[in-house]
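What follows is protein-v2.pdb (PDB, C-alpha atoms (C1' of nucleotides)).
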```
ATOM      1  CA  MET A 156      -8.483   2.708 -26.032
ATOM      2  CA  LYS A 157      -8.619   3.944 -29.564
ATOM      3  CA  ARG A 158      -7.026   1.096 -31.451
ATOM      4  CA  ARG A 159      -8.273  -2.418 -31.787
ATOM      5  CA  THR A 160      -5.492  -4.848 -30.953
ATOM      6  CA  SER A 161      -5.472  -8.615 -30.705
ATOM      7  CA  GLN A 162      -4.775  -8.283 -26.977
ATOM      8  CA  ARG A 163      -7.937  -6.306 -26.386
ATOM      9  CA  THR A 164      -9.985  -8.667 -28.475
ATOM     10  CA  ALA A 165      -8.606 -11.535 -26.409
ATOM     11  CA  LEU A 166      -9.707  -9.878 -23.197
ATOM     12  CA  GLU A 167     -13.181  -9.295 -24.544
ATOM     13  CA  ASN A 168     -13.382 -12.921 -25.615
ATOM     14  CA  VAL A 169     -12.590 -14.012 -22.078
ATOM     15  CA  PHE A 170     -15.539 -12.115 -20.692
ATOM     16  CA  ASP A 171     -17.770 -13.315 -23.516
ATOM     17  CA  ASN A 172     -16.985 -16.943 -22.755
ATOM     18  CA  GLU A 173     -17.289 -16.868 -18.970
ATOM     19  CA  ASP A 174     -20.233 -15.169 -17.342
ATOM     20  CA  ARG A 175     -18.648 -14.957 -13.916
ATOM     21  CA  PRO A 176     -16.366 -12.500 -12.102
ATOM     22  CA  MET A 177     -12.723 -13.367 -12.591
ATOM     23  CA  GLY A 178      -9.404 -12.345 -11.095
ATOM     24  CA  VAL A 179      -6.462 -10.968 -13.030
ATOM     25  CA  ASN A 180      -4.636 -14.265 -13.096
ATOM     26  CA  GLU A 181      -7.532 -16.253 -14.455
ATOM     27  CA  ILE A 182      -8.206 -13.545 -17.006
ATOM     28  CA  LEU A 183      -4.568 -13.528 -18.056
ATOM     29  CA  GLU A 184      -4.311 -17.287 -18.456
ATOM     30  CA  THR A 185      -7.550 -17.553 -20.344
ATOM     31  CA  ALA A 186      -6.690 -14.667 -22.614
ATOM     32  CA  ARG A 187      -3.352 -16.281 -23.431
ATOM     33  CA  GLU A 188      -5.252 -19.029 -25.181
ATOM     34  CA  PHE A 189      -5.928 -16.379 -27.785
ATOM     35  CA  VAL A 190      -2.706 -14.372 -27.625
ATOM     36  CA  GLY A 191       0.140 -16.424 -26.190
ATOM     37  CA  SER A 192       2.490 -13.491 -25.727
ATOM     38  CA  LEU A 193      -0.005 -11.474 -23.715
ATOM     39  CA  ASN A 194       1.687  -9.634 -20.884
ATOM     40  CA  GLN A 195       0.443  -9.039 -17.362
ATOM     41  CA  ALA A 196       1.010  -5.317 -17.574
ATOM     42  CA  THR A 197      -1.133  -5.152 -20.673
ATOM     43  CA  VAL A 198      -3.930  -6.931 -18.877
ATOM     44  CA  TYR A 199      -3.763  -4.562 -15.922
ATOM     45  CA  ARG A 200      -3.698  -1.551 -18.205
ATOM     46  CA  ASN A 201      -6.632  -2.691 -20.289
ATOM     47  CA  LEU A 202      -8.753  -3.803 -17.366
ATOM     48  CA  LYS A 203      -8.297  -0.364 -15.883
ATOM     49  CA  VAL A 204      -9.349   1.301 -19.107
ATOM     50  CA  MET A 205     -12.336  -0.996 -19.496
ATOM     51  CA  VAL A 206     -13.476  -0.134 -15.981
ATOM     52  CA  GLU A 207     -13.146   3.573 -16.719
ATOM     53  CA  LYS A 208     -15.082   3.134 -19.944
ATOM     54  CA  GLY A 209     -17.844   1.409 -18.027
ATOM     55  CA  ILE A 210     -17.476  -1.921 -19.822
ATOM     56  CA  LEU A 211     -16.283  -3.740 -16.721
ATOM     57  CA  LEU A 212     -17.090  -3.549 -13.052
ATOM     58  CA  GLN A 213     -14.527  -4.082 -10.341
ATOM     59  CA  ILE A 214     -15.656  -5.988  -7.282
ATOM     60  CA  SER A 215     -13.820  -7.008  -4.153
ATOM     61  CA  ASP A 216     -13.996 -10.577  -2.920
ATOM     62  CA  PRO A 217     -13.004 -10.935   0.742
ATOM     63  CA  VAL A 218     -10.856 -13.946  -0.102
ATOM     64  CA  LEU A 219      -9.794 -13.565  -3.716
ATOM     65  CA  GLY A 220      -9.351  -9.823  -3.831
ATOM     66  CA  THR A 221     -10.185  -7.819  -6.926
ATOM     67  CA  LEU A 222     -12.420  -9.412  -9.539
ATOM     68  CA  TYR A 223     -13.826  -8.108 -12.802
ATOM     69  CA  GLU A 224     -17.198  -8.657 -14.415
ATOM     70  CA  ARG A 225     -19.181  -7.266 -17.325
ATOM     71  CA  THR A 226     -21.462  -4.345 -16.620
ATOM     72  CA  GLY A 227     -25.019  -3.963 -17.869
ATOM     73  CA  LYS A 228     -26.487  -6.884 -15.984
ATOM     74  CA  ALA A 229     -29.516  -6.701 -13.729
ATOM     75  CA  HIS A 230     -28.898  -5.927 -10.054
ATOM     76  CA  HIS A 231     -27.310  -8.981  -8.518
ATOM     77  CA  HIS A 232     -24.982 -10.158  -5.807
ATOM     78  CA  HIS A 233     -22.179 -12.634  -5.452
ATOM     79  CA  PHE A 234     -21.707 -16.097  -4.116
ATOM     80  CA  HIS A 235     -18.258 -17.348  -3.181
ATOM     81  CA  CYS A 236     -17.877 -21.145  -3.143
ATOM     82  CA  ARG A 237     -15.436 -22.155  -0.444
ATOM     83  CA  VAL A 238     -14.742 -25.455  -2.204
ATOM     84  CA  CYS A 239     -13.782 -24.378  -5.707
ATOM     85  CA  ASP A 240     -13.113 -20.750  -4.774
ATOM     86  CA  ARG A 241     -15.090 -19.465  -7.704
ATOM     87  CA  VAL A 242     -17.526 -16.582  -7.532
ATOM     88  CA  PHE A 243     -20.962 -16.687  -9.120
ATOM     89  CA  GLU A 244     -23.525 -14.023  -9.814
ATOM     90  CA  LEU A 245     -26.878 -14.460  -8.124
ATOM     91  CA  PRO A 246     -29.874 -12.744  -9.703
ATOM     92  CA  GLY A 247     -31.988 -10.404  -7.597
ATOM     93  CA  CYS A 248     -31.385  -8.813  -4.247
ATOM     94  CA  GLY A 249     -32.221 -10.223  -0.840
ATOM     95  CA  LEU A 250     -31.816  -6.924   0.915
ATOM     96  CA  GLY A 251     -35.181  -6.161   2.549
ATOM     97  CA  LYS A 252     -36.764  -2.756   2.845
ATOM     98  CA  ASN A 253     -35.628  -2.793   6.430
ATOM     99  CA  LYS A 254     -32.197  -2.043   5.065
ATOM    100  CA  ALA A 255     -32.960   1.157   6.888
ATOM    101  CA  VAL A 256     -29.797   2.475   8.448
ATOM    102  CA  PRO A 257     -29.434   4.456  11.673
ATOM    103  CA  LYS A 258     -30.389   8.124  11.641
ATOM    104  CA  GLY A 259     -27.894  10.260   9.828
ATOM    105  CA  TYR A 260     -26.511   7.651   7.458
ATOM    106  CA  VAL A 261     -27.207   8.227   3.788
ATOM    107  CA  THR A 262     -26.985   5.035   1.782
ATOM    108  CA  GLU A 263     -26.005   5.241  -1.858
ATOM    109  CA  GLY A 264     -25.235   1.650  -2.711
ATOM    110  CA  HIS A 265     -24.441  -1.753  -1.349
ATOM    111  CA  GLU A 266     -22.575  -4.941  -2.055
ATOM    112  CA  ILE A 267     -23.539  -8.367  -0.750
ATOM    113  CA  PHE A 268     -21.327 -11.423  -0.653
ATOM    114  CA  LEU A 269     -22.704 -14.839   0.203
ATOM    115  CA  PHE A 270     -20.456 -17.712   1.202
ATOM    116  CA  GLY A 271     -21.079 -21.416   0.944
ATOM    117  CA  VAL A 272     -20.975 -24.242  -1.548
ATOM    118  CA  CYS A 273     -22.004 -23.975  -5.170
ATOM    119  CA  PRO A 274     -24.139 -26.510  -7.075
ATOM    120  CA  SER A 275     -21.146 -28.109  -8.802
ATOM    121  CA  CYS A 276     -19.414 -28.729  -5.478
ATOM    122  CA  SER A 277     -22.413 -29.687  -3.336
ATOM    123  CA  GLY A 278     -24.078 -31.969  -5.876
TER     124      GLY A 278
ATOM    125  CA  MET F 225       0.593 -15.490  22.426
ATOM    126  CA  LYS F 226       1.740 -16.674  25.788
ATOM    127  CA  ARG F 227       3.498 -13.644  27.156
ATOM    128  CA  ARG F 228       2.010 -10.278  27.921
ATOM    129  CA  THR F 229       4.081  -7.530  26.334
ATOM    130  CA  SER F 230       3.573  -3.804  26.193
ATOM    131  CA  GLN F 231       3.091  -4.101  22.440
ATOM    132  CA  ARG F 232       0.155  -6.449  22.825
ATOM    133  CA  THR F 233      -1.395  -4.325  25.501
ATOM    134  CA  ALA F 234      -1.104  -1.353  23.185
ATOM    135  CA  LEU F 235      -2.953  -3.184  20.442
ATOM    136  CA  GLU F 236      -5.727  -4.162  22.797
ATOM    137  CA  ASN F 237      -6.021  -0.576  23.944
ATOM    138  CA  VAL F 238      -6.526   0.535  20.382
ATOM    139  CA  PHE F 239      -9.520  -1.746  19.959
ATOM    140  CA  ASP F 240     -10.869  -0.779  23.359
ATOM    141  CA  ASN F 241     -10.830   2.887  22.480
ATOM    142  CA  GLU F 242     -12.298   2.725  19.001
ATOM    143  CA  ASP F 243     -15.364   0.642  18.295
ATOM    144  CA  ARG F 244     -14.930   0.611  14.561
ATOM    145  CA  PRO F 245     -13.071  -1.585  12.079
ATOM    146  CA  MET F 246      -9.583  -0.282  11.398
ATOM    147  CA  GLY F 247      -6.829  -0.904   8.909
ATOM    148  CA  VAL F 248      -3.280  -1.879   9.785
ATOM    149  CA  ASN F 249      -1.942   1.618   9.346
ATOM    150  CA  GLU F 250      -4.488   3.253  11.592
ATOM    151  CA  ILE F 251      -3.966   0.532  14.173
ATOM    152  CA  LEU F 252      -0.214   0.983  14.026
ATOM    153  CA  GLU F 253      -0.313   4.742  14.400
ATOM    154  CA  THR F 254      -2.791   4.642  17.226
ATOM    155  CA  ALA F 255      -0.898   1.926  19.057
ATOM    156  CA  ARG F 256       2.291   3.944  18.803
ATOM    157  CA  GLU F 257       0.733   6.469  21.128
ATOM    158  CA  PHE F 258       1.255   3.799  23.755
ATOM    159  CA  VAL F 259       4.482   2.208  22.522
ATOM    160  CA  GLY F 260       6.430   4.560  20.314
ATOM    161  CA  SER F 261       8.865   1.942  19.056
ATOM    162  CA  LEU F 262       6.118  -0.397  17.897
ATOM    163  CA  ASN F 263       7.049  -2.056  14.645
ATOM    164  CA  GLN F 264       4.833  -2.839  11.670
ATOM    165  CA  ALA F 265       5.890  -6.482  11.606
ATOM    166  CA  THR F 266       4.873  -6.859  15.216
ATOM    167  CA  VAL F 267       1.456  -5.473  14.439
ATOM    168  CA  TYR F 268       0.975  -7.845  11.526
ATOM    169  CA  ARG F 269       2.113 -10.804  13.592
ATOM    170  CA  ASN F 270      -0.116  -9.996  16.515
ATOM    171  CA  LEU F 271      -3.173  -9.192  14.450
ATOM    172  CA  LYS F 272      -2.786 -12.560  12.803
ATOM    173  CA  VAL F 273      -2.566 -14.312  16.157
ATOM    174  CA  MET F 274      -5.530 -12.386  17.517
ATOM    175  CA  VAL F 275      -7.611 -13.440  14.527
ATOM    176  CA  GLU F 276      -6.605 -17.077  15.033
ATOM    177  CA  LYS F 277      -7.454 -16.823  18.710
ATOM    178  CA  GLY F 278     -10.881 -15.486  17.812
ATOM    179  CA  ILE F 279     -10.366 -12.113  19.473
ATOM    180  CA  LEU F 280     -10.449 -10.212  16.213
ATOM    181  CA  LEU F 281     -12.356 -10.550  12.975
ATOM    182  CA  GLN F 282     -10.862  -9.764   9.627
ATOM    183  CA  ILE F 283     -13.128  -8.072   7.124
ATOM    184  CA  SER F 284     -12.515  -6.897   3.606
ATOM    185  CA  ASP F 285     -13.504  -3.406   2.568
ATOM    186  CA  PRO F 286     -13.775  -2.983  -1.210
ATOM    187  CA  VAL F 287     -11.863   0.283  -1.023
ATOM    188  CA  LEU F 288      -9.676   0.103   2.059
ATOM    189  CA  GLY F 289      -8.757  -3.551   1.933
ATOM    190  CA  THR F 290      -8.318  -5.585   5.091
ATOM    191  CA  LEU F 291      -9.797  -4.232   8.314
ATOM    192  CA  TYR F 292      -9.916  -5.643  11.833
ATOM    193  CA  GLU F 293     -12.648  -5.486  14.439
ATOM    194  CA  ARG F 294     -13.408  -7.059  17.798
ATOM    195  CA  THR F 295     -15.430 -10.244  17.764
ATOM    196  CA  GLY F 296     -18.329 -11.026  20.074
ATOM    197  CA  LYS F 297     -20.653  -8.351  18.836
ATOM    198  CA  ALA F 298     -24.198  -8.927  17.661
ATOM    199  CA  HIS F 299     -24.694  -9.692  13.985
ATOM    200  CA  HIS F 300     -24.053  -6.511  12.075
ATOM    201  CA  HIS F 301     -22.859  -5.124   8.791
ATOM    202  CA  HIS F 302     -20.656  -2.331   7.599
ATOM    203  CA  PHE F 303     -21.045   1.129   6.244
ATOM    204  CA  HIS F 304     -18.278   2.790   4.309
ATOM    205  CA  CYS F 305     -18.393   6.588   4.206
ATOM    206  CA  ARG F 306     -17.079   7.855   0.892
ATOM    207  CA  VAL F 307     -16.290  11.246   2.399
ATOM    208  CA  CYS F 308     -14.145  10.366   5.398
ATOM    209  CA  ASP F 309     -13.345   6.822   4.238
ATOM    210  CA  ARG F 310     -14.106   5.364   7.631
ATOM    211  CA  VAL F 311     -16.098   2.215   8.168
ATOM    212  CA  PHE F 312     -18.847   1.914  10.772
ATOM    213  CA  GLU F 313     -20.700  -1.030  12.184
ATOM    214  CA  LEU F 314     -24.434  -1.042  11.664
ATOM    215  CA  PRO F 315     -26.533  -3.078  14.069
ATOM    216  CA  GLY F 316     -28.910  -5.686  12.704
ATOM    217  CA  CYS F 317     -29.216  -7.273   9.309
ATOM    218  CA  GLY F 318     -31.288  -6.049   6.397
ATOM    219  CA  LEU F 319     -31.060  -9.326   4.536
ATOM    220  CA  GLY F 320     -34.633 -10.552   4.076
ATOM    221  CA  LYS F 321     -35.797 -14.118   4.259
ATOM    222  CA  ASN F 322     -35.908 -14.034   0.516
ATOM    223  CA  LYS F 323     -32.186 -14.297   0.631
ATOM    224  CA  ALA F 324     -33.096 -17.607  -0.964
ATOM    225  CA  VAL F 325     -30.429 -18.562  -3.423
ATOM    226  CA  PRO F 326     -30.890 -20.515  -6.642
ATOM    227  CA  LYS F 327     -31.347 -24.273  -6.414
ATOM    228  CA  GLY F 328     -28.154 -26.068  -5.521
ATOM    229  CA  TYR F 329     -26.429 -23.250  -3.665
ATOM    230  CA  VAL F 330     -25.819 -23.836   0.033
ATOM    231  CA  THR F 331     -25.367 -20.585   1.932
ATOM    232  CA  GLU F 332     -23.256 -20.605   5.074
ATOM    233  CA  GLY F 333     -22.717 -16.934   5.710
ATOM    234  CA  HIS F 334     -22.791 -13.483   4.225
ATOM    235  CA  GLU F 335     -21.178 -10.084   4.361
ATOM    236  CA  ILE F 336     -22.919  -6.824   3.509
ATOM    237  CA  PHE F 337     -21.243  -3.542   2.758
ATOM    238  CA  LEU F 338     -23.219  -0.324   2.453
ATOM    239  CA  PHE F 339     -21.780   2.789   0.861
ATOM    240  CA  GLY F 340     -22.748   6.382   1.365
ATOM    241  CA  VAL F 341     -22.195   9.254   3.741
ATOM    242  CA  CYS F 342     -21.962   8.943   7.513
ATOM    243  CA  PRO F 343     -23.676  11.238  10.043
ATOM    244  CA  SER F 344     -20.513  13.233  10.744
ATOM    245  CA  CYS F 345     -20.031  13.984   7.070
ATOM    246  CA  SER F 346     -23.651  14.504   6.013
ATOM    247  CA  GLY F 347     -24.689  16.647   8.967
TER     248      GLY F 347
ATOM    249  C1'  DG M 110      18.222 -19.219  32.124
ATOM    250  C1'  DT M 111      14.439 -20.298  28.706
ATOM    251  C1'  DC M 112      12.274 -19.455  24.932
ATOM    252  C1'  DG M 113       8.383 -16.581  23.287
ATOM    253  C1'  DT M 114       8.532 -11.771  21.175
ATOM    254  C1'  DT M 115      10.318  -7.820  19.030
ATOM    255  C1'  DG M 116      12.774  -4.802  15.664
ATOM    256  C1'  DC M 117      15.082  -4.580  11.596
ATOM    257  C1'  DA M 118      15.930  -5.679   7.038
ATOM    258  C1'  DA M 119      15.222  -8.582   3.241
ATOM    259  C1'  DA M 120      12.131 -10.980   0.502
ATOM    260  C1'  DG M 121       7.409 -12.065  -1.560
ATOM    261  C1'  DC M 122       3.173 -10.973  -3.710
ATOM    262  C1'  DC M 123       0.327  -7.910  -6.493
ATOM    263  C1'  DT M 124       0.003  -3.841  -9.202
ATOM    264  C1'  DT M 125       1.855   0.241 -11.516
ATOM    265  C1'  DT M 126       5.132   2.744 -14.353
ATOM    266  C1'  DG M 127       9.131   4.143 -17.656
ATOM    267  C1'  DC M 128      10.871   3.216 -21.843
ATOM    268  C1'  DA M 129      11.907   1.655 -26.402
ATOM    269  C1'  DG M 130      10.139  -1.096 -30.079
ATOM    270  C1'  DG M 131       6.026  -2.571 -32.719
ATOM    271  C1'  DG M 132       1.701  -2.240 -35.024
ATOM    272  C1'  DA M 133      -3.053  -0.023 -36.180
ATOM    273  C1'  DA M 134      -4.952   3.515 -38.860
TER     274       DA M 134
ATOM    275  C1'  DT X  34       4.092   8.072 -41.072
ATOM    276  C1'  DT X  35       1.982   8.911 -36.740
ATOM    277  C1'  DC X  36       1.465   7.870 -32.163
ATOM    278  C1'  DC X  37      -1.223   4.436 -29.483
ATOM    279  C1'  DC X  38      -0.230   0.153 -27.527
ATOM    280  C1'  DT X  39       2.624  -3.689 -26.009
ATOM    281  C1'  DG X  40       6.361  -6.257 -23.686
ATOM    282  C1'  DC X  41       9.883  -6.073 -20.569
ATOM    283  C1'  DA X  42      11.967  -4.807 -16.471
ATOM    284  C1'  DA X  43      12.178  -1.918 -12.636
ATOM    285  C1'  DA X  44       9.823   0.127  -8.996
ATOM    286  C1'  DG X  45       5.895   0.780  -5.465
ATOM    287  C1'  DG X  46       2.718  -0.749  -1.882
ATOM    288  C1'  DC X  47       1.384  -4.112   1.407
ATOM    289  C1'  DT X  48       2.445  -8.250   3.982
ATOM    290  C1'  DT X  49       5.434 -12.013   5.461
ATOM    291  C1'  DT X  50       9.744 -14.048   7.023
ATOM    292  C1'  DG X  51      14.738 -14.865   8.830
ATOM    293  C1'  DC X  52      17.587 -13.666  12.335
ATOM    294  C1'  DA X  53      19.849 -11.830  16.313
ATOM    295  C1'  DA X  54      18.817  -9.308  20.471
ATOM    296  C1'  DC X  55      15.486  -8.579  24.113
ATOM    297  C1'  DG X  56      12.575  -9.394  27.889
ATOM    298  C1'  DA X  57       8.523 -11.988  30.368
ATOM    299  C1'  DC X  58       8.271 -15.588  33.492
TER     300       DC X  58
END
```

Show me this structure written as structure tokens.
Amino acid sequence: MKRRTSQRTALENVFDNEDRPMGVNEILETAREFVGSLNQATVYRNLKVMVEKGILLQISDPVLGTLYERTGKAHHHHFHCRVCDRVFELPGCGLGKNKAVPKGYVTEGHEIFLFGVCPSCSG
Amino acid sequence: MKRRTSQRTALENVFDNEDRPMGVNEILETAREFVGSLNQATVYRNLKVMVEKGILLQISDPVLGTLYERTGKAHHHHFHCRVCDRVFELPGCGLGKNKAVPKGYVTEGHEIFLFGVCPSCSG
DNA sequence: GTCGTTGCAAAGCCTTTGCAGGGAA
DNA sequence: TTCCCTGCAAAGGCTTTGCAACGAC
């Protein structure tokens, strides 16, 4: 990732415009609004690089699979709407101090996924 | 799922002997100890049926992908050991009452994944 | 004997990779 | 001009599906 190309700028634009984890397909289609010829392989390659560089975070949705989001945000978790199948970021962390695990387990991190209906779909 | 075959018995044995979510490959290899000729496609087909019947639960590990576990257990969450890459079930739920979500979100369920080192690997 | 099940192979996704041409510096 | 990056197509995993043979009942 040493050269600035229109493809990479397109990908960054996508994440600038949508503050929400997205899958490869959505990223690809949105990015093509900027660079019509954008290829899937290029997207995969760049997403990988951006994750390694620490610009993006890879998360795993139980239904949608791999999603990508910008790093640098406050600790948060994810909400999957079963109606529109979009994932949203929820501020804060509902994990109580009783997240205590059984003796012998050493916890280093956690990921929480909530399921339900989002405001747009329940309103 | 109307006929009892040796293949299905083998699959049930696997879940009887290991109280831990497992991936297709591990399930297949373990089940082959009972039925050597067991085919991958058969495993996929039967796991699917068992999930539909409510015997098994399908969960999604961020690293390992799809895993299967027996249903009917108390509410619990999962712990992924980064050393041995096995997943364990942790009793109870550390999600506090402040799992309150922003206005407009309707929560119907949740899934928690903890990451770290398990007793066998940290001891 | 029926017809649900299995094994095998082919096909379908999603993701990665090899390669030659194209473009940033 | 250099050589990083892209597009294209082929190849790799994982999972599903079509089909003929098998076997539970």

Superimposed copy of chain F on chain A by least squares over C-alpha atoms, as a CSV table (one decimal) with C-alpha atoms, in the frame of the given file:
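Okay, this is what ended up in superposed_22.csv:
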```csv
chain,number,residue,atom,x,y,z
F,225,MET,CA,-8.5,2.7,-26.0
F,226,LYS,CA,-8.6,4.0,-29.5
F,227,ARG,CA,-7.1,1.1,-31.4
F,228,ARG,CA,-8.3,-2.4,-31.8
F,229,THR,CA,-5.5,-4.8,-31.0
F,230,SER,CA,-5.5,-8.6,-30.7
F,231,GLN,CA,-4.8,-8.3,-27.0
F,232,ARG,CA,-7.9,-6.3,-26.4
F,233,THR,CA,-10.0,-8.7,-28.5
F,234,ALA,CA,-8.6,-11.5,-26.4
F,235,LEU,CA,-9.7,-9.9,-23.2
F,236,GLU,CA,-13.2,-9.3,-24.6
F,237,ASN,CA,-13.4,-12.9,-25.6
F,238,VAL,CA,-12.6,-14.0,-22.1
F,239,PHE,CA,-15.5,-12.1,-20.7
F,240,ASP,CA,-17.8,-13.3,-23.5
F,241,ASN,CA,-17.0,-16.9,-22.8
F,242,GLU,CA,-17.3,-16.9,-19.0
F,243,ASP,CA,-20.2,-15.2,-17.3
F,244,ARG,CA,-18.6,-15.0,-13.9
F,245,PRO,CA,-16.4,-12.5,-12.1
F,246,MET,CA,-12.7,-13.4,-12.6
F,247,GLY,CA,-9.4,-12.4,-11.1
F,248,VAL,CA,-6.5,-11.0,-13.0
F,249,ASN,CA,-4.6,-14.3,-13.1
F,250,GLU,CA,-7.5,-16.3,-14.5
F,251,ILE,CA,-8.2,-13.6,-17.0
F,252,LEU,CA,-4.6,-13.5,-18.1
F,253,GLU,CA,-4.3,-17.3,-18.5
F,254,THR,CA,-7.6,-17.6,-20.4
F,255,ALA,CA,-6.7,-14.7,-22.7
F,256,ARG,CA,-3.4,-16.3,-23.5
F,257,GLU,CA,-5.3,-19.0,-25.2
F,258,PHE,CA,-5.9,-16.4,-27.8
F,259,VAL,CA,-2.7,-14.4,-27.7
F,260,GLY,CA,0.1,-16.4,-26.2
F,261,SER,CA,2.5,-13.5,-25.8
F,262,LEU,CA,0.0,-11.5,-23.7
F,263,ASN,CA,1.7,-9.7,-20.9
F,264,GLN,CA,0.4,-9.1,-17.4
F,265,ALA,CA,1.0,-5.3,-17.6
F,266,THR,CA,-1.1,-5.2,-20.7
F,267,VAL,CA,-3.9,-6.9,-18.9
F,268,TYR,CA,-3.7,-4.6,-15.9
F,269,ARG,CA,-3.7,-1.6,-18.2
F,270,ASN,CA,-6.6,-2.7,-20.3
F,271,LEU,CA,-8.7,-3.8,-17.4
F,272,LYS,CA,-8.3,-0.4,-15.9
F,273,VAL,CA,-9.3,1.3,-19.1
F,274,MET,CA,-12.3,-1.0,-19.5
F,275,VAL,CA,-13.5,-0.2,-15.9
F,276,GLU,CA,-13.1,3.6,-16.7
F,277,LYS,CA,-15.1,3.1,-19.9
F,278,GLY,CA,-17.8,1.4,-18.0
F,279,ILE,CA,-17.5,-1.9,-19.8
F,280,LEU,CA,-16.3,-3.7,-16.7
F,281,LEU,CA,-17.1,-3.6,-13.0
F,282,GLN,CA,-14.5,-4.1,-10.3
F,283,ILE,CA,-15.6,-6.0,-7.3
F,284,SER,CA,-13.8,-7.0,-4.2
F,285,ASP,CA,-14.0,-10.6,-2.9
F,286,PRO,CA,-13.0,-11.0,0.7
F,287,VAL,CA,-10.8,-14.0,-0.1
F,288,LEU,CA,-9.8,-13.6,-3.7
F,289,GLY,CA,-9.3,-9.8,-3.8
F,290,THR,CA,-10.2,-7.8,-6.9
F,291,LEU,CA,-12.4,-9.4,-9.5
F,292,TYR,CA,-13.8,-8.1,-12.8
F,293,GLU,CA,-17.2,-8.7,-14.4
F,294,ARG,CA,-19.2,-7.3,-17.3
F,295,THR,CA,-21.4,-4.3,-16.6
F,296,GLY,CA,-25.0,-4.0,-17.8
F,297,LYS,CA,-26.5,-6.9,-16.0
F,298,ALA,CA,-29.5,-6.7,-13.7
F,299,HIS,CA,-28.9,-5.9,-10.1
F,300,HIS,CA,-27.3,-9.0,-8.5
F,301,HIS,CA,-25.0,-10.1,-5.8
F,302,HIS,CA,-22.2,-12.6,-5.4
F,303,PHE,CA,-21.7,-16.1,-4.1
F,304,HIS,CA,-18.3,-17.3,-3.2
F,305,CYS,CA,-17.9,-21.1,-3.1
F,306,ARG,CA,-15.4,-22.2,-0.4
F,307,VAL,CA,-14.7,-25.5,-2.2
F,308,CYS,CA,-13.8,-24.4,-5.7
F,309,ASP,CA,-13.1,-20.7,-4.8
F,310,ARG,CA,-15.1,-19.5,-7.7
F,311,VAL,CA,-17.5,-16.6,-7.5
F,312,PHE,CA,-20.9,-16.7,-9.1
F,313,GLU,CA,-23.5,-14.0,-9.8
F,314,LEU,CA,-26.8,-14.5,-8.1
F,315,PRO,CA,-29.8,-12.7,-9.7
F,316,GLY,CA,-32.0,-10.4,-7.6
F,317,CYS,CA,-31.4,-8.8,-4.2
F,318,GLY,CA,-32.2,-10.2,-0.9
F,319,LEU,CA,-31.8,-6.9,0.9
F,320,GLY,CA,-35.2,-6.1,2.5
F,321,LYS,CA,-36.8,-2.7,2.8
F,322,ASN,CA,-35.7,-2.7,6.3
F,323,LYS,CA,-32.3,-2.0,5.1
F,324,ALA,CA,-33.0,1.2,6.9
F,325,VAL,CA,-29.8,2.5,8.4
F,326,PRO,CA,-29.5,4.5,11.7
F,327,LYS,CA,-30.5,8.1,11.7
F,328,GLY,CA,-28.0,10.3,9.8
F,329,TYR,CA,-26.6,7.7,7.5
F,330,VAL,CA,-27.2,8.2,3.8
F,331,THR,CA,-27.0,5.0,1.8
F,332,GLU,CA,-26.0,5.2,-1.9
F,333,GLY,CA,-25.3,1.6,-2.7
F,334,HIS,CA,-24.5,-1.8,-1.3
F,335,GLU,CA,-22.6,-4.9,-2.1
F,336,ILE,CA,-23.5,-8.4,-0.8
F,337,PHE,CA,-21.3,-11.4,-0.6
F,338,LEU,CA,-22.7,-14.8,0.2
F,339,PHE,CA,-20.5,-17.7,1.2
F,340,GLY,CA,-21.1,-21.4,1.0
F,341,VAL,CA,-21.0,-24.2,-1.5
F,342,CYS,CA,-22.0,-24.0,-5.2
F,343,PRO,CA,-24.1,-26.5,-7.1
F,344,SER,CA,-21.1,-28.1,-8.8
F,345,CYS,CA,-19.4,-28.7,-5.5
F,346,SER,CA,-22.4,-29.7,-3.3
F,347,GLY,CA,-24.1,-32.0,-5.8
```

Mind telling me what the PyMOL selection byres ((chain A) within 8 of (chain M)) catches here, as a list in words?
Arg158, Arg159, Thr160 and Tyr199 of chain A

To test your reading of the syntax: which residues would the PyMOL selection byres ((chain A) within 9 of (chain F)) return for the file shown? Reply as an NGL selection string.
:A and (214-218 or 220-221 or 234 or 236 or 245-246 or 248-275 or 277-278)

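Relative to CA of Leu288 (chain F), CA of Asn180 (chain A) is found at 21.5 Å.
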
Can you translate the PyMOL selection byres ((chain A) within 9 of (chain X)) into the concrete residues it hits in this file, as a VMD selection string?
chain A and resid 156 to 158 160 162 192 to 194 196 to 197

Quote the spacing between CA of Thr226 (chain A) and CA of Glu207 (chain A) in Å to one decimal place.
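CA of Glu207 (chain A) lies at a distance of 11.5 Å from CA of Thr226 (chain A).
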
Using only C-alpha atoms, the best pick from F:Ile251, F:Arg256, F:Arg244, F:Val275 as closest to His301 (chain F) would be F:Arg244

One decimal, Å: what's the distance from CA of Asp243 (chain F) over to CA of Tyr292 (chain F), could you say?
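CA of Tyr292 (chain F) lies at a distance of 10.5 Å from CA of Asp243 (chain F).
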
Centre and size of axis-aligned box enclosing region 42-56 of chain X plus 3 Å each side, as JSON:
```
{"center_x": 10.6, "center_y": -7.0, "center_z": 5.7, "size_x": 24.5, "size_y": 21.6, "size_z": 50.4}
```

Polymer residues at most 10 Å from Glu250 (chain F), only C-alpha atoms (C1' of nucleotides), same-chain spacing of 5 or more positions, as a PDB file with C-alpha atoms, in the frame of the given file:
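And here's out25.pdb as it stands now:
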```pdb
ATOM      1  CA  VAL F 238      -6.526   0.535  20.382  1.00  0.00           C
ATOM      2  CA  PRO F 245     -13.071  -1.585  12.079  1.00  0.00           C
ATOM      3  CA  ALA F 255      -0.898   1.926  19.057  1.00  0.00           C
ATOM      4  CA  ARG F 256       2.291   3.944  18.803  1.00  0.00           C
ATOM      5  CA  LEU F 291      -9.797  -4.232   8.314  1.00  0.00           C
TER       6      LEU F 291
END
```
